[in-house]
file coords23.cif (mmCIF, C-alpha atoms and all ligand atoms)
data_target
loop_
_atom_site.label_atom_id
_atom_site.label_comp_id
_atom_site.auth_asym_id
_atom_site.auth_seq_id
_atom_site.Cartn_x
_atom_site.Cartn_y
_atom_site.Cartn_z
CA MET A 1 119.35 53.31 152.22
CA ASP A 2 116.64 54.67 149.94
CA TRP A 3 115.03 52.94 146.98
CA GLY A 4 116.95 54.83 144.29
CA MET A 5 120.33 54.03 145.83
CA ARG A 6 119.41 50.36 146.26
CA ASN A 7 118.04 50.16 142.72
CA ARG A 8 121.22 51.64 141.25
CA LEU A 9 123.40 49.34 143.35
CA SER A 10 121.44 46.38 142.00
CA LYS A 11 122.27 47.52 138.47
CA ILE A 12 125.98 47.39 139.32
CA ILE A 13 125.98 44.27 141.52
CA LYS A 14 123.80 41.58 139.97
CA PRO A 15 121.06 40.47 142.41
CA LYS A 16 121.10 36.88 141.04
CA ASP A 17 124.40 36.15 142.81
CA GLY A 18 125.57 39.39 144.39
CA ARG A 19 128.55 39.60 142.02
CA THR A 20 129.72 41.82 139.19
CA VAL A 21 132.07 42.03 136.24
CA MET A 22 132.75 45.72 135.78
CA LEU A 23 134.67 46.62 132.66
CA ALA A 24 137.08 49.47 133.50
CA VAL A 25 137.83 51.58 130.44
CA ASP A 26 138.33 54.97 132.10
CA HIS A 27 142.13 54.92 131.73
CA GLY A 28 142.16 57.81 129.23
CA TYR A 29 141.37 60.28 132.04
CA PHE A 30 145.02 60.20 133.12
CA MET A 31 146.78 57.89 130.64
CA GLY A 32 145.49 59.26 127.31
CA PRO A 33 145.22 56.69 124.50
CA THR A 34 146.17 53.66 126.59
CA THR A 35 147.31 50.60 124.63
CA GLY A 36 144.19 48.70 123.65
CA LEU A 37 141.89 51.69 124.11
CA ASP A 38 143.51 53.86 121.45
CA TYR A 39 140.57 53.02 119.20
CA PHE A 40 137.92 52.93 121.91
CA GLN A 41 134.81 51.83 120.04
CA LYS A 42 136.55 49.11 118.11
CA MET A 43 137.79 47.60 121.37
CA VAL A 44 134.91 48.26 123.74
CA ASN A 45 131.78 47.63 121.63
CA PRO A 46 132.32 43.85 121.35
CA LEU A 47 133.04 43.64 125.11
CA ILE A 48 129.88 45.43 126.27
CA PRO A 49 127.52 42.43 125.95
CA HIS A 50 129.74 40.52 128.40
CA ALA A 51 130.08 43.28 131.01
CA ASP A 52 127.72 43.86 133.94
CA THR A 53 128.82 47.49 134.21
CA LEU A 54 130.88 49.86 132.10
CA MET A 55 133.19 52.24 134.01
CA LEU A 56 134.38 55.16 131.90
CA THR A 57 134.72 58.92 131.55
CA ARG A 58 132.06 61.40 130.53
CA GLY A 59 133.91 62.13 127.27
CA ALA A 60 134.22 58.47 126.29
CA LEU A 61 130.54 57.90 127.03
CA ARG A 62 129.36 60.89 125.01
CA ASN A 63 131.63 60.32 122.05
CA TRP A 64 131.81 56.57 121.72
CA VAL A 65 128.91 54.78 123.40
CA GLU A 66 125.45 54.60 121.82
CA PRO A 67 122.70 55.95 124.11
CA THR A 68 120.68 52.81 123.34
CA VAL A 69 123.20 50.67 125.23
CA GLU A 70 121.69 48.63 128.05
CA VAL A 71 124.77 48.17 130.22
CA PRO A 72 124.76 50.21 133.48
CA ILE A 73 127.26 53.07 133.52
CA VAL A 74 129.70 54.08 136.26
CA LEU A 75 131.29 57.45 135.58
CA ARG A 76 134.70 58.57 136.76
CA VAL A 77 134.22 61.83 138.60
CA SER A 78 137.73 62.47 139.98
CA GLY A 79 140.87 63.37 138.08
CA GLY A 80 143.21 66.27 137.54
CA THR A 81 146.72 64.82 137.17
CA SER A 82 148.27 62.75 134.39
CA ILE A 83 150.56 59.76 134.23
CA LEU A 84 153.42 62.25 133.73
CA ASN A 85 152.95 63.25 137.39
CA GLU A 86 152.44 59.79 138.81
CA ASN A 87 154.38 60.57 141.98
CA LEU A 88 152.32 63.68 142.62
CA LEU A 89 148.82 62.39 141.93
CA HIS A 90 146.34 64.98 143.13
CA GLU A 91 142.74 64.50 142.13
CA GLY A 92 139.66 66.65 142.48
CA GLU A 93 136.20 66.77 140.95
CA VAL A 94 136.15 66.56 137.15
CA LEU A 95 132.47 65.78 136.69
CA GLY A 96 129.60 67.25 138.70
CA ILE A 97 126.87 65.03 140.04
CA LYS A 98 124.12 66.69 138.00
CA ASP A 99 125.88 65.88 134.76
CA ALA A 100 126.48 62.32 136.00
CA ILE A 101 122.74 62.02 136.63
CA ARG A 102 121.94 63.61 133.26
CA LEU A 103 124.14 60.93 131.67
CA ASN A 104 122.08 58.33 133.56
CA ALA A 105 124.96 57.01 135.68
CA SER A 106 124.20 54.06 137.93
CA GLY A 107 127.25 55.00 140.00
CA VAL A 108 130.30 57.23 140.17
CA ALA A 109 133.97 56.53 140.92
CA TRP A 110 136.53 58.63 142.78
CA SER A 111 140.19 57.84 143.52
CA VAL A 112 141.34 58.28 147.11
CA LEU A 113 145.09 58.60 147.43
CA VAL A 114 145.75 57.33 150.95
CA GLY A 115 149.37 57.92 151.96
CA ALA A 116 150.12 60.17 148.99
CA LYS A 117 151.22 63.78 149.31
CA TYR A 118 147.77 65.17 148.61
CA GLU A 119 145.71 62.55 150.46
CA ARG A 120 143.80 65.16 152.47
CA ASP A 121 142.53 66.95 149.36
CA THR A 122 141.45 63.76 147.64
CA ILE A 123 139.74 62.44 150.76
CA LEU A 124 137.89 65.67 151.58
CA GLY A 125 136.82 65.99 147.94
CA PHE A 126 135.61 62.41 148.10
CA THR A 127 133.49 62.93 151.23
CA LYS A 128 131.97 66.13 149.84
CA TYR A 129 131.01 64.21 146.70
CA ILE A 130 129.50 61.43 148.81
CA ASP A 131 127.22 63.99 150.46
CA ARG A 132 125.86 64.75 146.99
CA CYS A 133 125.65 61.03 146.15
CA GLU A 134 123.51 60.50 149.24
CA LYS A 135 121.26 63.40 148.29
CA TYR A 136 120.56 61.98 144.82
CA GLY A 137 120.82 58.24 145.55
CA ILE A 138 123.97 57.58 143.50
CA PRO A 139 126.40 54.86 144.67
CA MET A 140 130.04 55.93 145.09
CA ILE A 141 132.81 53.51 144.17
CA ALA A 142 136.04 54.44 145.95
CA VAL A 143 139.14 53.57 143.95
CA THR A 144 142.07 53.03 146.31
CA ALA A 145 144.73 54.39 144.00
CA VAL A 146 148.30 53.45 144.89
CA GLY A 147 151.20 55.76 144.07
CA LYS A 148 154.18 54.34 142.21
CA ASP A 149 156.39 54.24 145.31
CA MET A 150 153.82 52.92 147.76
CA VAL A 151 153.82 49.38 149.17
CA ARG A 152 151.03 47.20 147.86
CA ASP A 153 150.30 44.86 150.74
CA ALA A 154 147.31 43.73 152.78
CA ARG A 155 148.08 46.24 155.51
CA TYR A 156 147.95 49.18 153.12
CA MET A 157 144.93 47.92 151.16
CA SER A 158 143.04 47.26 154.43
CA LEU A 159 143.83 50.76 155.64
CA ALA A 160 142.74 52.46 152.40
CA SER A 161 139.65 50.26 151.90
CA ARG A 162 138.43 50.59 155.47
CA MET A 163 138.94 54.35 155.40
CA ALA A 164 137.03 54.65 152.13
CA ALA A 165 134.14 52.61 153.53
CA GLU A 166 134.02 54.43 156.86
CA LEU A 167 134.01 57.75 155.03
CA GLY A 168 130.96 56.64 153.07
CA ALA A 169 131.87 54.65 149.92
CA HIS A 170 129.21 52.15 148.84
CA ILE A 171 131.69 49.90 146.99
CA VAL A 172 135.48 49.78 147.26
CA LYS A 173 137.74 49.01 144.34
CA THR A 174 141.21 47.92 145.38
CA TYR A 175 144.13 45.74 144.28
CA PHE A 176 144.48 42.05 145.02
CA VAL A 177 147.36 41.29 147.38
CA GLU A 178 148.47 38.32 149.43
CA GLY A 179 146.33 38.01 152.54
CA PHE A 180 143.36 39.59 150.76
CA GLU A 181 140.90 37.98 153.23
CA LYS A 182 142.01 40.57 155.77
CA VAL A 183 141.19 43.42 153.35
CA VAL A 184 137.71 42.00 152.71
CA ASP A 185 136.98 40.97 156.29
CA THR A 186 137.79 44.38 157.74
CA CYS A 187 135.86 46.37 155.11
CA PRO A 188 132.10 46.72 155.71
CA VAL A 189 131.12 47.33 152.06
CA PRO A 190 131.50 45.12 148.94
CA ILE A 191 134.95 44.97 147.36
CA VAL A 192 135.90 44.58 143.70
CA ILE A 193 139.45 44.22 142.45
CA ALA A 194 141.20 46.17 139.72
CA GLY A 195 143.33 44.06 137.44
CA GLY A 196 146.42 46.26 137.36
CA LYS A 197 149.13 45.84 134.75
CA LYS A 198 148.68 43.18 132.09
CA LEU A 199 149.50 39.66 133.26
CA PRO A 200 149.55 36.40 131.30
CA GLU A 201 145.92 35.24 131.01
CA PRO A 202 146.22 32.25 133.42
CA ASP A 203 147.69 34.55 136.10
CA ALA A 204 144.97 37.16 135.67
CA LEU A 205 142.27 34.47 135.91
CA LYS A 206 143.90 33.05 139.03
CA MET A 207 144.02 36.52 140.58
CA ALA A 208 140.28 36.99 139.90
CA TYR A 209 139.58 33.53 141.32
CA ASP A 210 141.66 34.10 144.46
CA ALA A 211 139.97 37.46 145.03
CA ILE A 212 136.50 35.90 144.78
CA GLN A 213 137.53 33.07 147.11
CA ALA A 214 138.77 35.68 149.58
CA GLY A 215 135.35 37.37 149.53
CA ALA A 216 135.52 40.00 146.77
CA ILE A 217 132.19 40.36 144.95
CA GLY A 218 133.79 40.78 141.55
CA VAL A 219 136.24 42.66 139.42
CA ASP A 220 136.53 46.10 137.91
CA MET A 221 139.10 45.04 135.36
CA GLY A 222 140.61 46.86 132.43
CA ARG A 223 144.05 46.11 131.00
CA ASN A 224 143.93 42.38 131.70
CA ILE A 225 140.87 42.29 129.47
CA PHE A 226 141.44 44.86 126.74
CA GLN A 227 145.17 44.12 126.41
CA SER A 228 144.59 40.35 126.21
CA GLU A 229 145.44 38.62 122.97
CA ASP A 230 141.68 37.98 122.72
CA PRO A 231 139.71 40.52 124.81
CA VAL A 232 136.26 39.06 124.01
CA ALA A 233 137.37 35.57 125.06
CA MET A 234 139.07 36.98 128.16
CA ILE A 235 136.06 38.89 129.47
CA GLN A 236 133.97 35.74 129.10
CA ALA A 237 136.60 33.73 130.96
CA VAL A 238 136.65 36.32 133.77
CA ASN A 239 132.85 36.23 133.79
CA SER A 240 132.95 32.46 134.28
CA VAL A 241 135.17 32.88 137.36
CA VAL A 242 132.98 35.59 138.88
CA HIS A 243 129.50 34.25 138.08
CA ASP A 244 129.99 30.51 137.53
CA ASN A 245 132.71 29.85 140.10
CA HIS A 246 134.97 28.40 137.43
CA SER A 247 138.44 27.42 138.62
CA PRO A 248 141.38 29.26 136.99
CA GLN A 249 142.06 26.19 134.82
CA GLU A 250 138.41 25.86 133.73
CA ALA A 251 138.36 29.56 132.90
CA PHE A 252 141.61 29.33 130.95
CA ASP A 253 140.24 26.32 129.03
CA LEU A 254 137.18 28.41 128.19
CA PHE A 255 139.44 31.27 127.09
CA ASN A 256 141.34 28.95 124.74
CA LYS A 257 138.12 27.46 123.38
CA LEU A 258 136.59 30.89 122.69
CA LYS A 259 139.87 32.21 121.34
CA SER A 260 139.89 29.52 118.69
CA GLY A 261 136.56 30.79 117.39
CA GLY A 262 133.93 29.20 119.66
CA GLN A 263 130.94 31.12 121.03
C1 LIG B 301 142.57 53.71 137.59
O1 LIG B 301 142.52 54.48 138.52
C2 LIG B 301 141.44 53.40 136.76
O2 LIG B 301 140.27 53.63 137.52
C3 LIG B 301 141.33 52.02 136.15
O3 LIG B 301 140.01 51.84 135.80
C4 LIG B 301 141.75 50.93 137.09
O4 LIG B 301 143.11 51.01 137.28
C5 LIG B 301 141.30 49.51 136.64
O5 LIG B 301 141.89 49.13 135.52
P1 LIG B 301 143.02 48.01 135.47
O6 LIG B 301 142.32 46.69 135.63
O7 LIG B 301 143.59 48.20 134.12
O8 LIG B 301 143.99 48.26 136.59
#

call {"tool": "encode", "arguments": {"input": "coords23.cif", "output": "structure tokens"}}
result
Amino acid sequence: MDWGMRNRLSKIIKPKDGRTVMLAVDHGYFMGPTTGLDYFQKMVNPLIPHADTLMLTRGALRNWVEPTVEVPIVLRVSGGTSILNENLLHEGEVLGIKDAIRLNASGVAWSVLVGAKYERDTILGFTKYIDRCEKYGIPMIAVTAVGKDMVRDARYMSLASRMAAELGAHIVKTYFVEGFEKVVDTCPVPIVIAGGKKLPEPDALKMAYDAIQAGAIGVDMGRNIFQSEDPVAMIQAVNSVVHDNHSPQEAFDLFNKLKSGGQ
């Protein structure tokens, strides 16, 4: 792996502990003005100081994020279908690698739809993009998207994650499921978990904790942060699980303390 690729990976995954809190706010690419992100800047600006990486779309970056921001950027480069076609998700390239580089991306993200009707297209598009990533030293984060009707279990997540890694992903983003150790143990590249639909805060913190205990190197979490009753407190609580090995209860105590106005 060349210097540029390693350098960019070290922006995304913090070298001090090999972990990361990625803030996922790319939902608009297929969900439009998602609850919590309808007023993007108002929500995201206060969260940025607590995120190790910001994952978003080209349009959100250009329109709503100051170029002076220090947080590393991961850009979503696949898309093409909306939430209205959730059973027929079919993604292709929506952002070329040269524009991603021009926007100073530290990484890019592409959804692979293993088991879905158009899996072949999304996977071949993904591998073609990885060829370009290798050429320019840009890490690729594979998002193992799961269709509405597909089973979310360790067998499926292991299949999708391992495929993504063998096809060339540098990081895999997947969903936490029971038996997650198997997903991590059989995948040769670092794994981060998505948060999925909004859960009560203690449950989301436990999920992050269990994922880290199972070997995930962090989270790439969205709704469980920006739809929390206190997003700034929640991202700090998640941070404490990922970087300080806080237990779910310690993290929830921190959330409550920060929520009531602490720093
Ligand atoms: C989905 O494909 C998007 O990449 C989201 O960023 C992802 O689902 C993570 O967000 P959440 O934690 O809300 O599931």

call {"tool": "residues_around", "arguments": {"input": "coords23.cif", "residues": "Ala109 (chain A)", "least_positions_apart": "3", "cutoff": "9 Å", "atoms": "all atoms listed in the file", "output": "PDB file with C-alpha atoms, keeping the file's coordinate frame"}}
result
ATOM      1  CA  MET A  55     133.190  52.240 134.010  1.00  0.00           C
ATOM      2  CA  VAL A  74     129.700  54.080 136.260  1.00  0.00           C
ATOM      3  CA  LEU A  75     131.290  57.450 135.580  1.00  0.00           C
ATOM      4  CA  ARG A  76     134.700  58.570 136.760  1.00  0.00           C
ATOM      5  CA  VAL A  77     134.220  61.830 138.600  1.00  0.00           C
ATOM      6  CA  SER A  78     137.730  62.470 139.980  1.00  0.00           C
ATOM      7  CA  PRO A 139     126.400  54.860 144.670  1.00  0.00           C
ATOM      8  CA  MET A 140     130.040  55.930 145.090  1.00  0.00           C
ATOM      9  CA  ILE A 141     132.810  53.510 144.170  1.00  0.00           C
ATOM     10  CA  ALA A 142     136.040  54.440 145.950  1.00  0.00           C
ATOM     11  CA  VAL A 143     139.140  53.570 143.950  1.00  0.00           C
TER      12      VAL A 143
END

call {"tool": "closest_atom_pairs", "arguments": {"input": "coords23.cif", "of": "chain A", "to": "ligand LIG 301 (chain B)", "cutoff": "7 Å", "atoms": "only C-alpha atoms and all ligand atoms", "output": "JSON lines"}}
result
{"residue": "A:Ala24", "atom": "CA", "partner": "B:LIG301", "partner_atom": "O3", "distance": 4.4}
{"residue": "A:Val25", "atom": "CA", "partner": "B:LIG301", "partner_atom": "O3", "distance": 5.8}
{"residue": "A:Asp26", "atom": "CA", "partner": "B:LIG301", "partner_atom": "O3", "distance": 5.1}
{"residue": "A:His27", "atom": "CA", "partner": "B:LIG301", "partner_atom": "C2", "distance": 5.3}
{"residue": "A:Ser111", "atom": "CA", "partner": "B:LIG301", "partner_atom": "O1", "distance": 6.5}
{"residue": "A:Val143", "atom": "CA", "partner": "B:LIG301", "partner_atom": "O1", "distance": 6.5}
{"residue": "A:Ala145", "atom": "CA", "partner": "B:LIG301", "partner_atom": "O1", "distance": 5.9}
{"residue": "A:Ala194", "atom": "CA", "partner": "B:LIG301", "partner_atom": "O6", "distance": 4.3}
{"residue": "A:Gly195", "atom": "CA", "partner": "B:LIG301", "partner_atom": "O6", "distance": 3.3}
{"residue": "A:Gly196", "atom": "CA", "partner": "B:LIG301", "partner_atom": "O8", "distance": 3.2}
{"residue": "A:Lys197", "atom": "CA", "partner": "B:LIG301", "partner_atom": "O8", "distance": 6.0}
{"residue": "A:Asp220", "atom": "CA", "partner": "B:LIG301", "partner_atom": "C5", "distance": 6.0}
{"residue": "A:Met221", "atom": "CA", "partner": "B:LIG301", "partner_atom": "O6", "distance": 3.6}
{"residue": "A:Gly222", "atom": "CA", "partner": "B:LIG301", "partner_atom": "O6", "distance": 3.6}
{"residue": "A:Arg223", "atom": "CA", "partner": "B:LIG301", "partner_atom": "O7", "distance": 3.8}
{"residue": "A:Asn224", "atom": "CA", "partner": "B:LIG301", "partner_atom": "O6", "distance": 6.1}

call {"tool": "residues_around", "arguments": {"input": "coords23.cif", "residues": "Ile13 (chain A)", "least_positions_apart": "3", "cutoff": "10 Å", "atoms": "only C-alpha atoms", "output": "JSON, numbers by chain"}}
result
{"A": [7, 8, 9, 10, 16, 17, 18, 19, 20, 21, 22, 52, 53, 171, 190, 217, 218]}

call {"tool": "atom_distance", "arguments": {"input": "coords23.cif", "atom1": "CA of Ile83 (chain A)", "atom2": "CA of Phe30 (chain A)"}}
result
5.7 Å

call {"tool": "atom_distance", "arguments": {"input": "coords23.cif", "atom1": "CA of Pro33 (chain A)", "atom2": "CA of Val151 (chain A)"}}
result
27.1 Å

call {"tool": "closest_residue", "arguments": {"input": "coords23.cif", "among": "A:Asp38, A:Glu181, A:Asp230, A:Asp153", "to": "Ile212 (chain A)", "atoms": "only C-alpha atoms"}}
result
A:Glu181

call {"tool": "residues_around", "arguments": {"input": "coords23.cif", "residues": "Phe40 (chain A)", "least_positions_apart": "6", "cutoff": "10 Å", "atoms": "all atoms listed in the file", "output": "NGL selection string"}}
result
:A and (25 or 28 or 33-34 or 60 or 63-65)

call {"tool": "atom_distance", "arguments": {"input": "coords23.cif", "atom1": "CA of Tyr136 (chain A)", "atom2": "CA of Leu167 (chain A)"}}
result
17.4 Å

call {"tool": "closest_residue", "arguments": {"input": "coords23.cif", "among": "A:Arg162, A:Arg155, A:Lys128, A:Lys11", "to": "Glu178 (chain A)", "atoms": "all atoms listed in the file"}}
result
A:Arg155

call {"tool": "residues_near_point", "arguments": {"input": "coords23.cif", "point": "(146.9, 46.7, 151.3)", "cutoff": "10 Å", "atoms": "all atoms listed in the file", "output": "list in words"}}
result
Thr144, Val146, Met150, Val151, Arg152, Asp153, Ala154, Arg155, Tyr156, Met157, Ser158, Leu159, Ala160, Ser161, Thr174, Tyr175, Phe176, Val177, Glu178, Gly179, Phe180, Lys182 and Val183 of chain A

call {"tool": "write_last_selection", "arguments": {"input": "coords23.cif", "atoms": "C-alpha atoms", "output": "JSON list (two decimals), keeping the file's coordinate frame"}}
result
[["chain", "number", "residue", "atom", "x", "y", "z"],
["A", 144, "THR", "CA", 142.07, 53.03, 146.31],
["A", 146, "VAL", "CA", 148.30, 53.45, 144.89],
["A", 150, "MET", "CA", 153.82, 52.92, 147.76],
["A", 151, "VAL", "CA", 153.82, 49.38, 149.17],
["A", 152, "ARG", "CA", 151.03, 47.20, 147.86],
["A", 153, "ASP", "CA", 150.30, 44.86, 150.74],
["A", 154, "ALA", "CA", 147.31, 43.73, 152.78],
["A", 155, "ARG", "CA", 148.08, 46.24, 155.51],
["A", 156, "TYR", "CA", 147.95, 49.18, 153.12],
["A", 157, "MET", "CA", 144.93, 47.92, 151.16],
["A", 158, "SER", "CA", 143.04, 47.26, 154.43],
["A", 159, "LEU", "CA", 143.83, 50.76, 155.64],
["A", 160, "ALA", "CA", 142.74, 52.46, 152.40],
["A", 161, "SER", "CA", 139.65, 50.26, 151.90],
["A", 174, "THR", "CA", 141.21, 47.92, 145.38],
["A", 175, "TYR", "CA", 144.13, 45.74, 144.28],
["A", 176, "PHE", "CA", 144.48, 42.05, 145.02],
["A", 177, "VAL", "CA", 147.36, 41.29, 147.38],
["A", 178, "GLU", "CA", 148.47, 38.32, 149.43],
["A", 179, "GLY", "CA", 146.33, 38.01, 152.54],
["A", 180, "PHE", "CA", 143.36, 39.59, 150.76],
["A", 182, "LYS", "CA", 142.01, 40.57, 155.77],
["A", 183, "VAL", "CA", 141.19, 43.42, 153.35]]

call {"tool": "closest_residue", "arguments": {"input": "coords23.cif", "among": "A:Ile73, A:Leu124, A:Ile138, A:Gly79", "to": "Gly4 (chain A)", "atoms": "all atoms listed in the file"}}
result
A:Ile138

call {"tool": "closest_residue", "arguments": {"input": "coords23.cif", "among": "A:Ser228, A:Thr35, A:Gln213, A:Thr81", "to": "Val242 (chain A)", "atoms": "all atoms listed in the file"}}
result
A:Gln213

call {"tool": "axis_aligned_box", "arguments": {"input": "coords23.cif", "around": "region 159-165 of chain A", "padding_each_side": "8 Å", "output": "AutoDock Vina command-line options"}}
result
--center_x 139.0 --center_y 52.5 --center_z 153.8 --size_x 25.7 --size_y 20.4 --size_z 19.7

call {"tool": "build_atoms", "arguments": {"input": "coords23.cif", "residues": "region 250-259 of chain A", "atoms": "all heavy atoms", "output": "PDB file, keeping the file's coordinate frame"}}
result
ATOM      1  N   GLU A 250     139.654  25.926 134.536  1.00  0.00           N
ATOM      2  CA  GLU A 250     138.410  25.860 133.730  1.00  0.00           C
ATOM      3  C   GLU A 250     138.230  27.152 132.930  1.00  0.00           C
ATOM      4  O   GLU A 250     137.836  27.134 131.771  1.00  0.00           O
ATOM      5  CB  GLU A 250     137.191  25.662 134.642  1.00  0.00           C
ATOM      6  CG  GLU A 250     137.066  24.268 135.207  1.00  0.00           C
ATOM      7  CD  GLU A 250     135.980  24.175 136.281  1.00  0.00           C
ATOM      8  OE1 GLU A 250     135.779  25.156 137.048  1.00  0.00           O
ATOM      9  OE2 GLU A 250     135.345  23.117 136.380  1.00  0.00           O
ATOM     10  N   ALA A 251     138.522  28.271 133.584  1.00  0.00           N
ATOM     11  CA  ALA A 251     138.360  29.560 132.900  1.00  0.00           C
ATOM     12  C   ALA A 251     139.373  29.696 131.770  1.00  0.00           C
ATOM     13  O   ALA A 251     139.046  30.210 130.694  1.00  0.00           O
ATOM     14  CB  ALA A 251     138.509  30.695 133.915  1.00  0.00           C
ATOM     15  N   PHE A 252     140.588  29.225 132.001  1.00  0.00           N
ATOM     16  CA  PHE A 252     141.610  29.330 130.950  1.00  0.00           C
ATOM     17  C   PHE A 252     141.259  28.389 129.778  1.00  0.00           C
ATOM     18  O   PHE A 252     141.468  28.731 128.606  1.00  0.00           O
ATOM     19  CB  PHE A 252     142.996  29.017 131.511  1.00  0.00           C
ATOM     20  CG  PHE A 252     144.103  29.291 130.537  1.00  0.00           C
ATOM     21  CD1 PHE A 252     144.212  30.533 129.910  1.00  0.00           C
ATOM     22  CD2 PHE A 252     145.034  28.307 130.222  1.00  0.00           C
ATOM     23  CE1 PHE A 252     145.235  30.786 128.993  1.00  0.00           C
ATOM     24  CE2 PHE A 252     146.052  28.556 129.298  1.00  0.00           C
ATOM     25  CZ  PHE A 252     146.151  29.796 128.682  1.00  0.00           C
ATOM     26  N   ASP A 253     140.701  27.228 130.104  1.00  0.00           N
ATOM     27  CA  ASP A 253     140.240  26.320 129.030  1.00  0.00           C
ATOM     28  C   ASP A 253     139.161  27.009 128.204  1.00  0.00           C
ATOM     29  O   ASP A 253     139.146  26.924 126.974  1.00  0.00           O
ATOM     30  CB  ASP A 253     139.684  25.011 129.624  1.00  0.00           C
ATOM     31  CG  ASP A 253     140.787  24.136 130.227  1.00  0.00           C
ATOM     32  OD1 ASP A 253     141.977  24.414 129.952  1.00  0.00           O
ATOM     33  OD2 ASP A 253     140.449  23.207 130.979  1.00  0.00           O
ATOM     34  N   LEU A 254     138.244  27.688 128.897  1.00  0.00           N
ATOM     35  CA  LEU A 254     137.180  28.410 128.190  1.00  0.00           C
ATOM     36  C   LEU A 254     137.792  29.507 127.301  1.00  0.00           C
ATOM     37  O   LEU A 254     137.390  29.675 126.142  1.00  0.00           O
ATOM     38  CB  LEU A 254     136.208  29.026 129.208  1.00  0.00           C
ATOM     39  CG  LEU A 254     135.069  29.863 128.615  1.00  0.00           C
ATOM     40  CD1 LEU A 254     134.113  28.984 127.796  1.00  0.00           C
ATOM     41  CD2 LEU A 254     134.291  30.586 129.726  1.00  0.00           C
ATOM     42  N   PHE A 255     138.763  30.228 127.862  1.00  0.00           N
ATOM     43  CA  PHE A 255     139.440  31.270 127.090  1.00  0.00           C
ATOM     44  C   PHE A 255     140.016  30.685 125.794  1.00  0.00           C
ATOM     45  O   PHE A 255     139.803  31.223 124.703  1.00  0.00           O
ATOM     46  CB  PHE A 255     140.564  31.900 127.933  1.00  0.00           C
ATOM     47  CG  PHE A 255     141.458  32.832 127.166  1.00  0.00           C
ATOM     48  CD1 PHE A 255     141.048  34.119 126.847  1.00  0.00           C
ATOM     49  CD2 PHE A 255     142.724  32.418 126.742  1.00  0.00           C
ATOM     50  CE1 PHE A 255     141.870  34.978 126.127  1.00  0.00           C
ATOM     51  CE2 PHE A 255     143.555  33.267 126.027  1.00  0.00           C
ATOM     52  CZ  PHE A 255     143.124  34.548 125.717  1.00  0.00           C
ATOM     53  N   ASN A 256     140.710  29.560 125.933  1.00  0.00           N
ATOM     54  CA  ASN A 256     141.340  28.950 124.740  1.00  0.00           C
ATOM     55  C   ASN A 256     140.292  28.482 123.738  1.00  0.00           C
ATOM     56  O   ASN A 256     140.467  28.614 122.532  1.00  0.00           O
ATOM     57  CB  ASN A 256     142.238  27.778 125.158  1.00  0.00           C
ATOM     58  CG  ASN A 256     143.558  28.297 125.707  1.00  0.00           C
ATOM     59  OD1 ASN A 256     144.092  29.289 125.203  1.00  0.00           O
ATOM     60  ND2 ASN A 256     144.060  27.656 126.750  1.00  0.00           N
ATOM     61  N   LYS A 257     139.193  27.939 124.269  1.00  0.00           N
ATOM     62  CA  LYS A 257     138.120  27.460 123.380  1.00  0.00           C
ATOM     63  C   LYS A 257     137.505  28.636 122.612  1.00  0.00           C
ATOM     64  O   LYS A 257     137.341  28.585 121.394  1.00  0.00           O
ATOM     65  CB  LYS A 257     137.057  26.769 124.240  1.00  0.00           C
ATOM     66  CG  LYS A 257     136.043  26.002 123.467  1.00  0.00           C
ATOM     67  CD  LYS A 257     135.168  25.204 124.415  1.00  0.00           C
ATOM     68  CE  LYS A 257     133.733  25.277 123.919  1.00  0.00           C
ATOM     69  NZ  LYS A 257     132.768  25.107 124.977  1.00  0.00           N
ATOM     70  N   LEU A 258     137.205  29.721 123.343  1.00  0.00           N
ATOM     71  CA  LEU A 258     136.590  30.890 122.690  1.00  0.00           C
ATOM     72  C   LEU A 258     137.564  31.561 121.755  1.00  0.00           C
ATOM     73  O   LEU A 258     137.180  32.044 120.675  1.00  0.00           O
ATOM     74  CB  LEU A 258     136.118  31.883 123.762  1.00  0.00           C
ATOM     75  CG  LEU A 258     134.993  31.395 124.679  1.00  0.00           C
ATOM     76  CD1 LEU A 258     134.803  32.344 125.843  1.00  0.00           C
ATOM     77  CD2 LEU A 258     133.691  31.241 123.886  1.00  0.00           C
ATOM     78  N   LYS A 259     138.834  31.572 122.154  1.00  0.00           N
ATOM     79  CA  LYS A 259     139.870  32.210 121.340  1.00  0.00           C
ATOM     80  C   LYS A 259     139.965  31.543 119.983  1.00  0.00           C
ATOM     81  O   LYS A 259     140.171  32.195 118.969  1.00  0.00           O
ATOM     82  CB  LYS A 259     141.208  32.079 122.082  1.00  0.00           C
ATOM     83  CG  LYS A 259     142.304  32.935 121.540  1.00  0.00           C
ATOM     84  CD  LYS A 259     143.568  32.771 122.337  1.00  0.00           C
ATOM     85  CE  LYS A 259     144.219  31.446 122.018  1.00  0.00           C
ATOM     86  NZ  LYS A 259     145.586  31.328 122.524  1.00  0.00           N
TER      87      LYS A 259
END
